[in-house]
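**Q** To be precise about what I am sending: the file is called coords-v4.pdb and holds PDB, C-alpha atoms.
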```
ATOM      1  CA  MET C1409     -16.050  -0.504 -19.354
ATOM      2  CA  LYS C1410     -14.694  -3.917 -18.357
ATOM      3  CA  ILE C1411     -11.147  -4.131 -17.005
ATOM      4  CA  VAL C1412      -9.582  -7.572 -16.663
ATOM      5  CA  VAL C1413      -6.397  -7.998 -14.622
ATOM      6  CA  LEU C1414      -4.149 -11.030 -15.016
ATOM      7  CA  LEU C1415      -1.623 -11.422 -12.212
ATOM      8  CA  GLY C1416       1.303 -13.611 -13.226
ATOM      9  CA  SER C1417       3.391 -13.558 -10.071
ATOM     10  CA  PRO C1418       3.413 -16.707  -7.939
ATOM     11  CA  ARG C1419       4.040 -14.511  -4.901
ATOM     12  CA  ARG C1420       0.947 -13.404  -2.990
ATOM     13  CA  LYS C1421       2.314  -9.914  -2.331
ATOM     14  CA  SER C1422       4.395  -8.780  -5.282
ATOM     15  CA  ASN C1423       5.451  -5.540  -6.918
ATOM     16  CA  SER C1424       3.866  -6.511 -10.240
ATOM     17  CA  SER C1425       0.530  -7.169  -8.504
ATOM     18  CA  ASP C1426       0.779  -3.945  -6.489
ATOM     19  CA  LEU C1427       1.504  -2.003  -9.674
ATOM     20  CA  ALA C1428      -1.495  -3.621 -11.371
ATOM     21  CA  GLY C1429      -3.567  -2.350  -8.440
ATOM     22  CA  VAL C1430      -2.244   1.175  -8.947
ATOM     23  CA  VAL C1431      -3.133   1.073 -12.651
ATOM     24  CA  THR C1432      -6.578  -0.360 -11.950
ATOM     25  CA  ASP C1433      -7.283   2.396  -9.402
ATOM     26  CA  LEU C1434      -6.256   5.026 -11.956
ATOM     27  CA  LEU C1435      -8.406   3.563 -14.732
ATOM     28  CA  ALA C1436     -11.542   2.292 -13.004
ATOM     29  CA  LYS C1437     -14.657   4.350 -12.555
ATOM     30  CA  PRO C1438     -17.436   3.370 -10.102
ATOM     31  CA  ASP C1439     -19.641   1.788 -12.779
ATOM     32  CA  ASP C1440     -16.845  -0.201 -14.439
ATOM     33  CA  ILE C1441     -16.680  -3.981 -14.220
ATOM     34  CA  LEU C1442     -13.462  -5.310 -12.714
ATOM     35  CA  ALA C1443     -12.262  -8.888 -12.917
ATOM     36  CA  SER C1444      -8.932  -9.861 -11.381
ATOM     37  CA  HIS C1445      -7.368 -13.298 -11.803
ATOM     38  CA  ASN C1446      -4.366 -14.521  -9.847
ATOM     39  CA  LEU C1447      -3.085 -17.105 -12.324
ATOM     40  CA  ASN C1448      -1.000 -18.900  -9.700
ATOM     41  CA  LYS C1449      -4.118 -19.789  -7.699
ATOM     42  CA  LEU C1450      -5.795 -21.413 -10.708
ATOM     43  CA  SER C1451      -5.519 -24.994 -11.855
ATOM     44  CA  PHE C1452      -5.048 -25.069 -15.619
ATOM     45  CA  SER C1453      -3.029 -26.629 -18.392
ATOM     46  CA  GLY C1454      -0.984 -24.996 -21.072
ATOM     47  CA  CYS C1455      -2.020 -25.193 -24.712
ATOM     48  CA  GLN C1456      -2.133 -28.825 -25.851
ATOM     49  CA  GLY C1457      -1.578 -28.004 -29.517
ATOM     50  CA  CYS C1458      -4.636 -30.109 -30.351
ATOM     51  CA  GLY C1459      -5.959 -27.707 -32.998
ATOM     52  CA  ALA C1460      -9.569 -28.120 -31.893
ATOM     53  CA  CYS C1461      -9.973 -24.321 -31.667
ATOM     54  CA  LYS C1462      -9.180 -24.196 -35.399
ATOM     55  CA  THR C1463     -11.313 -27.136 -36.519
ATOM     56  CA  THR C1464     -14.233 -28.136 -34.287
ATOM     57  CA  SER C1465     -14.624 -25.251 -31.820
ATOM     58  CA  GLU C1466     -14.411 -21.472 -31.737
ATOM     59  CA  GLU C1467     -12.864 -21.532 -28.274
ATOM     60  CA  CYS C1468     -10.399 -23.593 -26.317
ATOM     61  CA  ILE C1469     -11.900 -27.013 -25.621
ATOM     62  CA  LEU C1470      -9.989 -27.442 -22.368
ATOM     63  CA  GLN C1471     -12.333 -26.973 -19.442
ATOM     64  CA  ASP C1472     -10.351 -25.820 -16.436
ATOM     65  CA  ASP C1473      -9.876 -22.743 -14.265
ATOM     66  CA  LEU C1474      -8.620 -20.731 -17.257
ATOM     67  CA  THR C1475     -11.926 -21.094 -19.129
ATOM     68  CA  PRO C1476     -13.648 -18.156 -17.332
ATOM     69  CA  VAL C1477     -10.436 -16.118 -17.582
ATOM     70  CA  LEU C1478     -10.363 -16.481 -21.371
ATOM     71  CA  SER C1479     -14.036 -15.495 -21.422
ATOM     72  CA  ASP C1480     -13.326 -12.387 -19.324
ATOM     73  CA  VAL C1481     -10.457 -11.394 -21.611
ATOM     74  CA  LYS C1482     -12.721 -11.791 -24.638
ATOM     75  CA  GLU C1483     -15.267  -9.404 -23.078
ATOM     76  CA  ALA C1484     -12.692  -6.916 -21.746
ATOM     77  CA  ASP C1485     -12.148  -3.369 -22.934
ATOM     78  CA  ILE C1486      -8.811  -3.167 -21.111
ATOM     79  CA  VAL C1487      -6.571  -6.128 -20.321
ATOM     80  CA  ILE C1488      -3.842  -5.653 -17.714
ATOM     81  CA  MET C1489      -1.133  -8.334 -17.723
ATOM     82  CA  ALA C1490       1.252  -8.051 -14.779
ATOM     83  CA  THR C1491       4.339 -10.218 -14.502
ATOM     84  CA  PRO C1492       7.717 -10.191 -12.833
ATOM     85  CA  VAL C1493      10.700 -11.387 -14.852
ATOM     86  CA  TYR C1494      11.679 -14.988 -14.109
ATOM     87  CA  TRP C1495      14.691 -16.416 -15.906
ATOM     88  CA  GLY C1496      14.601 -13.642 -18.491
ATOM     89  CA  ASP C1497      10.935 -13.956 -19.432
ATOM     90  CA  VAL C1498       7.368 -13.702 -18.155
ATOM     91  CA  THR C1499       6.468 -16.190 -15.425
ATOM     92  CA  ALA C1500       5.378 -19.707 -16.344
ATOM     93  CA  GLN C1501       1.860 -18.831 -15.211
ATOM     94  CA  MET C1502       1.651 -15.856 -17.604
ATOM     95  CA  LYS C1503       3.253 -17.796 -20.454
ATOM     96  CA  ALA C1504       0.692 -20.586 -20.058
ATOM     97  CA  PHE C1505      -2.109 -18.008 -20.332
ATOM     98  CA  ILE C1506      -0.510 -16.421 -23.404
ATOM     99  CA  ASP C1507      -0.190 -19.841 -25.041
ATOM    100  CA  ARG C1508      -3.865 -20.595 -24.385
ATOM    101  CA  SER C1509      -4.842 -17.279 -26.022
ATOM    102  CA  TYR C1510      -3.982 -19.069 -29.291
ATOM    103  CA  SER C1511      -7.602 -20.195 -29.125
ATOM    104  CA  PHE C1512      -8.664 -16.626 -29.962
ATOM    105  CA  LEU C1513      -7.132 -16.893 -33.436
ATOM    106  CA  THR C1514      -9.270 -17.764 -36.458
ATOM    107  CA  PRO C1515      -8.480 -20.983 -38.371
ATOM    108  CA  ASP C1516      -7.040 -18.989 -41.297
ATOM    109  CA  PHE C1517      -5.282 -16.291 -39.237
ATOM    110  CA  MET C1518      -2.057 -16.695 -41.243
ATOM    111  CA  THR C1519      -3.676 -15.542 -44.494
ATOM    112  CA  SER C1520      -6.909 -13.771 -43.545
ATOM    113  CA  ASN C1521      -7.329 -10.063 -42.797
ATOM    114  CA  ILE C1522      -9.438 -11.079 -39.802
ATOM    115  CA  LYS C1523      -6.915 -12.725 -37.508
ATOM    116  CA  HIS C1524      -8.872 -13.344 -34.306
ATOM    117  CA  ARG C1525     -12.306 -13.793 -32.735
ATOM    118  CA  LEU C1526     -11.941 -10.978 -30.201
ATOM    119  CA  PRO C1527     -14.115  -7.868 -30.312
ATOM    120  CA  LEU C1528     -12.124  -4.945 -31.670
ATOM    121  CA  GLY C1529     -10.914  -1.972 -29.645
ATOM    122  CA  LYS C1530      -9.223  -3.637 -26.653
ATOM    123  CA  ASN C1531      -6.284  -1.928 -24.982
ATOM    124  CA  LEU C1532      -3.452  -3.797 -23.283
ATOM    125  CA  VAL C1533      -1.433  -2.601 -20.312
ATOM    126  CA  PHE C1534       1.619  -4.832 -19.917
ATOM    127  CA  ILE C1535       3.309  -4.486 -16.536
ATOM    128  CA  GLN C1536       6.828  -5.873 -16.240
ATOM    129  CA  THR C1537       8.809  -5.745 -13.001
ATOM    130  CA  GLN C1538      12.337  -6.965 -12.500
ATOM    131  CA  GLY C1539      14.837  -7.128  -9.678
ATOM    132  CA  SER C1540      17.698  -5.969 -11.864
ATOM    133  CA  PRO C1541      18.067  -2.173 -11.977
ATOM    134  CA  ASP C1542      19.706  -2.477 -15.409
ATOM    135  CA  ALA C1543      17.095  -1.415 -17.974
ATOM    136  CA  SER C1544      19.182  -2.947 -20.769
ATOM    137  CA  GLN C1545      18.394  -6.361 -19.297
ATOM    138  CA  PHE C1546      15.097  -7.993 -20.255
ATOM    139  CA  GLY C1547      14.081  -5.079 -22.483
ATOM    140  CA  ASP C1548      13.253  -7.607 -25.192
ATOM    141  CA  ILE C1549      10.343  -9.254 -23.372
ATOM    142  CA  PHE C1550       7.519  -6.824 -24.157
ATOM    143  CA  PRO C1551       8.574  -6.088 -27.768
ATOM    144  CA  ARG C1552       8.791  -9.826 -28.468
ATOM    145  CA  TYR C1553       5.265 -10.596 -27.278
ATOM    146  CA  ASN C1554       3.812  -7.338 -28.523
ATOM    147  CA  GLY C1555       5.222  -8.054 -31.978
ATOM    148  CA  PHE C1556       2.905 -11.054 -32.175
ATOM    149  CA  TRP C1557      -0.061  -9.119 -30.774
ATOM    150  CA  GLU C1558       0.464  -6.281 -33.265
ATOM    151  CA  LYS C1559       0.764  -8.647 -36.205
ATOM    152  CA  LEU C1560      -2.404 -10.425 -35.088
ATOM    153  CA  ARG C1561      -4.166  -7.115 -34.275
ATOM    154  CA  PHE C1562      -5.223  -8.393 -30.842
ATOM    155  CA  PHE C1563      -5.217  -4.956 -29.266
ATOM    156  CA  ASN C1564      -6.113  -1.477 -30.437
ATOM    157  CA  LYS C1565      -3.142  -0.129 -28.496
ATOM    158  CA  SER C1566      -0.555  -1.631 -26.157
ATOM    159  CA  TYR C1567       1.155   0.146 -23.282
ATOM    160  CA  LEU C1568       4.204  -0.927 -21.286
ATOM    161  CA  ILE C1569       4.803  -0.007 -17.654
ATOM    162  CA  ARG C1570       8.206  -1.295 -16.645
ATOM    163  CA  GLY C1571       9.738  -1.245 -13.197
ATOM    164  CA  CYS C1572      13.442  -2.023 -12.916
ATOM    165  CA  GLY C1573      15.232  -2.507  -9.615
ATOM    166  CA  LEU C1574      12.180  -3.867  -7.827
ATOM    167  CA  ASN C1575      12.704  -6.711  -5.388
ATOM    168  CA  GLU C1576      11.434  -7.811  -1.985
ATOM    169  CA  SER C1577      13.187  -4.893  -0.268
ATOM    170  CA  VAL C1578      11.825  -2.196  -2.609
ATOM    171  CA  ASN C1579       8.160  -1.231  -2.599
ATOM    172  CA  VAL C1580       6.704  -0.051  -5.904
ATOM    173  CA  HIS C1581       4.769   2.686  -4.061
ATOM    174  CA  ASP C1582       8.103   4.274  -3.098
ATOM    175  CA  ARG C1583       9.148   4.570  -6.738
ATOM    176  CA  LYS C1584       7.668   7.835  -8.022
ATOM    177  CA  ASP C1585       9.093   7.232 -11.511
ATOM    178  CA  ILE C1586       7.102   4.013 -11.894
ATOM    179  CA  ILE C1587       3.915   5.489 -10.433
ATOM    180  CA  GLU C1588       4.294   8.338 -12.936
ATOM    181  CA  GLN C1589       4.493   5.784 -15.772
ATOM    182  CA  ALA C1590       1.207   4.347 -14.498
ATOM    183  CA  ARG C1591      -0.385   7.821 -14.386
ATOM    184  CA  LYS C1592       0.716   8.654 -17.930
ATOM    185  CA  THR C1593      -0.560   5.325 -19.222
ATOM    186  CA  ALA C1594      -3.967   5.796 -17.583
ATOM    187  CA  LYS C1595      -4.166   9.324 -18.956
ATOM    188  CA  SER C1596      -3.401   8.076 -22.476
ATOM    189  CA  ILE C1597      -6.037   5.369 -22.274
ATOM    190  CA  LEU C1598      -8.738   7.536 -20.767
ATOM    191  CA  GLY C1599      -7.825  10.640 -22.762
ATOM    192  CA  SER C1600      -8.188  12.853 -19.712
ATOM    193  CA  PRO C1601      -5.928  14.255 -16.994
ATOM    194  CA  GLN C1602      -5.223  12.094 -13.938
TER
END
```
Let me see the structure of the file written as C-alpha cells.
**A**
Amino acid sequence: MKIVVLLGSPRRKSNSSDLAGVVTDLLAKPDDILASHNLNKLSFSGCQGCGACKTTSEECILQDDLTPVLSDVKEADIVIMATPVYWGDVTAQMKAFIDRSYSFLTPDFMTSNIKHRLPLGKNLVFIQTQGSPDASQFGDIFPRYNGFWEKLRFFNKSYLIRGCGLNESVNVHDRKDIIEQARKTAKSILGSPQ
C-alpha cells in the first residue's frame, strides 16, 4: 500500500502535521510505501488555466516541485491532506495543490462517466485543524471540497478528522478526542481493530 501525505501548514511544527503523523502511524505497515510532502518547502505555481492537460497532455505540463507530488498522488492508495484553517479556508499551499489536481480530470469530465485519470479505489483522509474551539465555524470547508471530489469520483471514500481549539499553546497529542477520531478513521480504512 502507498500512503501519500500532503502537509499544507507553512509552520514547521504544526498540529495539522502532527495529526497527519498520528494517522500515518496508525495506517502504515512495515512494507507500505510512505511519501510525505511539505508543500510549503516546495517551489511551485498554481494552475495556470492553460488547458494543456485537456488538449495536448494527460498530465500537468508545468514542471516544478509539484510534479513528483502529483505523480505520488496518482500512485497512492491513501492520500492524507492536512491543513490548518487560514482565513476561513485551507492554506494557500494546499489550495494551490488542489487547483493543480485539475490536471487529473479527463478532457470530457463534465459529460463522461469516466471523470479522471486516477486509478480507482483511493481513500482520502482530510485533516483540518483550527484555532477556534467553535465547531460551527469553518465546518463548510471539507464538505465544499469533498462535494467536488465526490462528483468527480476522485476517491473511493473520504474521511474527515477535524480538530477544533488547536493553537500554538495546545498540543494535538493532549486531545484524546481528536486522537480517537484518528483511531476510528484508521480502523474504518483498514477494516480491523486499532
**Q** Rank C:Ile1535, C:Ile1486, C:Met1518, C:Cys1455 by their smallest atom-to-atom distance to C:Gln1471, using all atoms listed in the file, and report the top residue only.
**A**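 Among the listed residues, the smallest separation from C:Gln1471 belongs to C:Cys1455.
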**Q** Go through C:Leu1526, C:Val1580, C:Leu1447, C:Ala1460 one by one, measure the shortest atom-to-atom distance of each to C:Leu1414 using only C-alpha atoms, and give the residue with the smallest value.
**A**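 Of C:Leu1526, C:Val1580, C:Leu1447, C:Ala1460, the one nearest C:Leu1414, counting only C-alpha atoms, is C:Leu1447.
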**Q** In Å, with one decimal, what is the gap from atom CA of C:Ser1444 to atom CA of C:Asp1480?
**A**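 Interatomic distance here is 9.4 Å.
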**Q** The residues within 10 Å of (0.2, -12.5, -33.3), using only C-alpha atoms and the coordinates of the file, should be reported as a ChimeraX atom specification; which are they?
**A** /C:1510,1513,1517-1518,1523-1524,1553-1562
**Q** Could you write out as number ranges by chain the residues that the PyMOL selection byres ((chain C and resi 1564) around 9) matches in the shown file?
**A** C: 1528-1532, 1558, 1561-1563, 1565-1566
**Q** Which residue, C:Ala1428, C:Val1481, C:Val1493, C:Leu1415, has the smallest gap to C:Thr1593 when you use all atoms listed in the file?
**A**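 Comparing C:Ala1428, C:Val1481, C:Val1493, C:Leu1415 against C:Thr1593, the winner is C:Ala1428.
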**Q** With a distance cut-off of 8 Å and all atoms listed in the file, select the neighbouring residues of stretch 1506-1509 of chain C, excluding the residue or stretch itself and same-chain residues fewer than 5 positions from it, and output the selection as a PyMOL selection string.
**A** chain C and resi 1454-1455+1468+1478
**Q** So that I can see what lies close to C:Ile1597, please list as a PyMOL selection string the residues with an atom at most 9 Å from it, counting all atoms listed in the file and leaving out residues fewer than 2 positions away in the same chain.
**A** chain C and resi 1435+1531+1565+1567+1592-1595+1599-1600
**Q** Could you turn the residues from that selection into a file that holds C-alpha atoms, as an mmCIF file, in the coordinates of the input?
**A**
```cif
data_model
loop_
_atom_site.group_PDB
_atom_site.id
_atom_site.type_symbol
_atom_site.label_atom_id
_atom_site.label_comp_id
_atom_site.auth_asym_id
_atom_site.auth_seq_id
_atom_site.Cartn_x
_atom_site.Cartn_y
_atom_site.Cartn_z
ATOM 1 C CA LEU C 1435 -8.406 3.563 -14.732
ATOM 2 C CA ASN C 1531 -6.284 -1.928 -24.982
ATOM 3 C CA LYS C 1565 -3.142 -0.129 -28.496
ATOM 4 C CA TYR C 1567 1.155 0.146 -23.282
ATOM 5 C CA LYS C 1592 0.716 8.654 -17.930
ATOM 6 C CA THR C 1593 -0.560 5.325 -19.222
ATOM 7 C CA ALA C 1594 -3.967 5.796 -17.583
ATOM 8 C CA LYS C 1595 -4.166 9.324 -18.956
ATOM 9 C CA GLY C 1599 -7.825 10.640 -22.762
ATOM 10 C CA SER C 1600 -8.188 12.853 -19.712
#
```
**Q** Run the PyMOL selection byres ((chain C and resi 1451) around 8) mentally over the shown coordinates, then write out the matched residues as a VMD selection string, using the chain letters and numbers from the document.
**A** chain C and resid 1448 to 1450 1452 to 1453 1472 to 1474
**Q** For the file shown, report as a list of chain:residue names the outcome of the PyMOL selection byres ((chain C and resi 1463-1466) around 9) at residue level.
**A**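 With the PyMOL selection byres ((chain C and resi 1463-1466) around 9) on this model, the match is C:Gly1459, C:Ala1460, C:Cys1461, C:Lys1462, C:Glu1467, C:Cys1468, C:Ile1469, C:Ser1511, C:Phe1512, C:Leu1513, C:Thr1514, C:Pro1515, C:Arg1525.
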**Q** As an exercise, work out the distance from atom CA of C:Pro1541 to atom CA of C:Thr1432 in Å and give it to one decimal place.
**A** 24.7 Å
**Q** Once you add 4 Å to each side, what are the centre and edge lengths of the axis-aligned box holding all listed atoms of stretch 1547-1566 of chain C? One decimal in Å, as AutoDock Vina command-line options, if you can.
**A**
```
--center_x 4.0 --center_y -5.6 --center_z -29.3 --size_x 28.2 --size_y 18.9 --size_z 21.7
```
**Q** Under the rule that only C-alpha atoms are counted, which of C:Thr1519, C:Thr1491, C:Ser1596, C:Gln1589 is the nearest residue to C:Phe1550?
**A**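 Result for the nearest residue to C:Phe1550: C:Thr1491.
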**Q** Quick one: of C:Val1487, C:Leu1427, C:Met1409, C:Ala1443, who's nearest to C:Asp1582, counting only C-alpha atoms?
**A** C:Leu1427
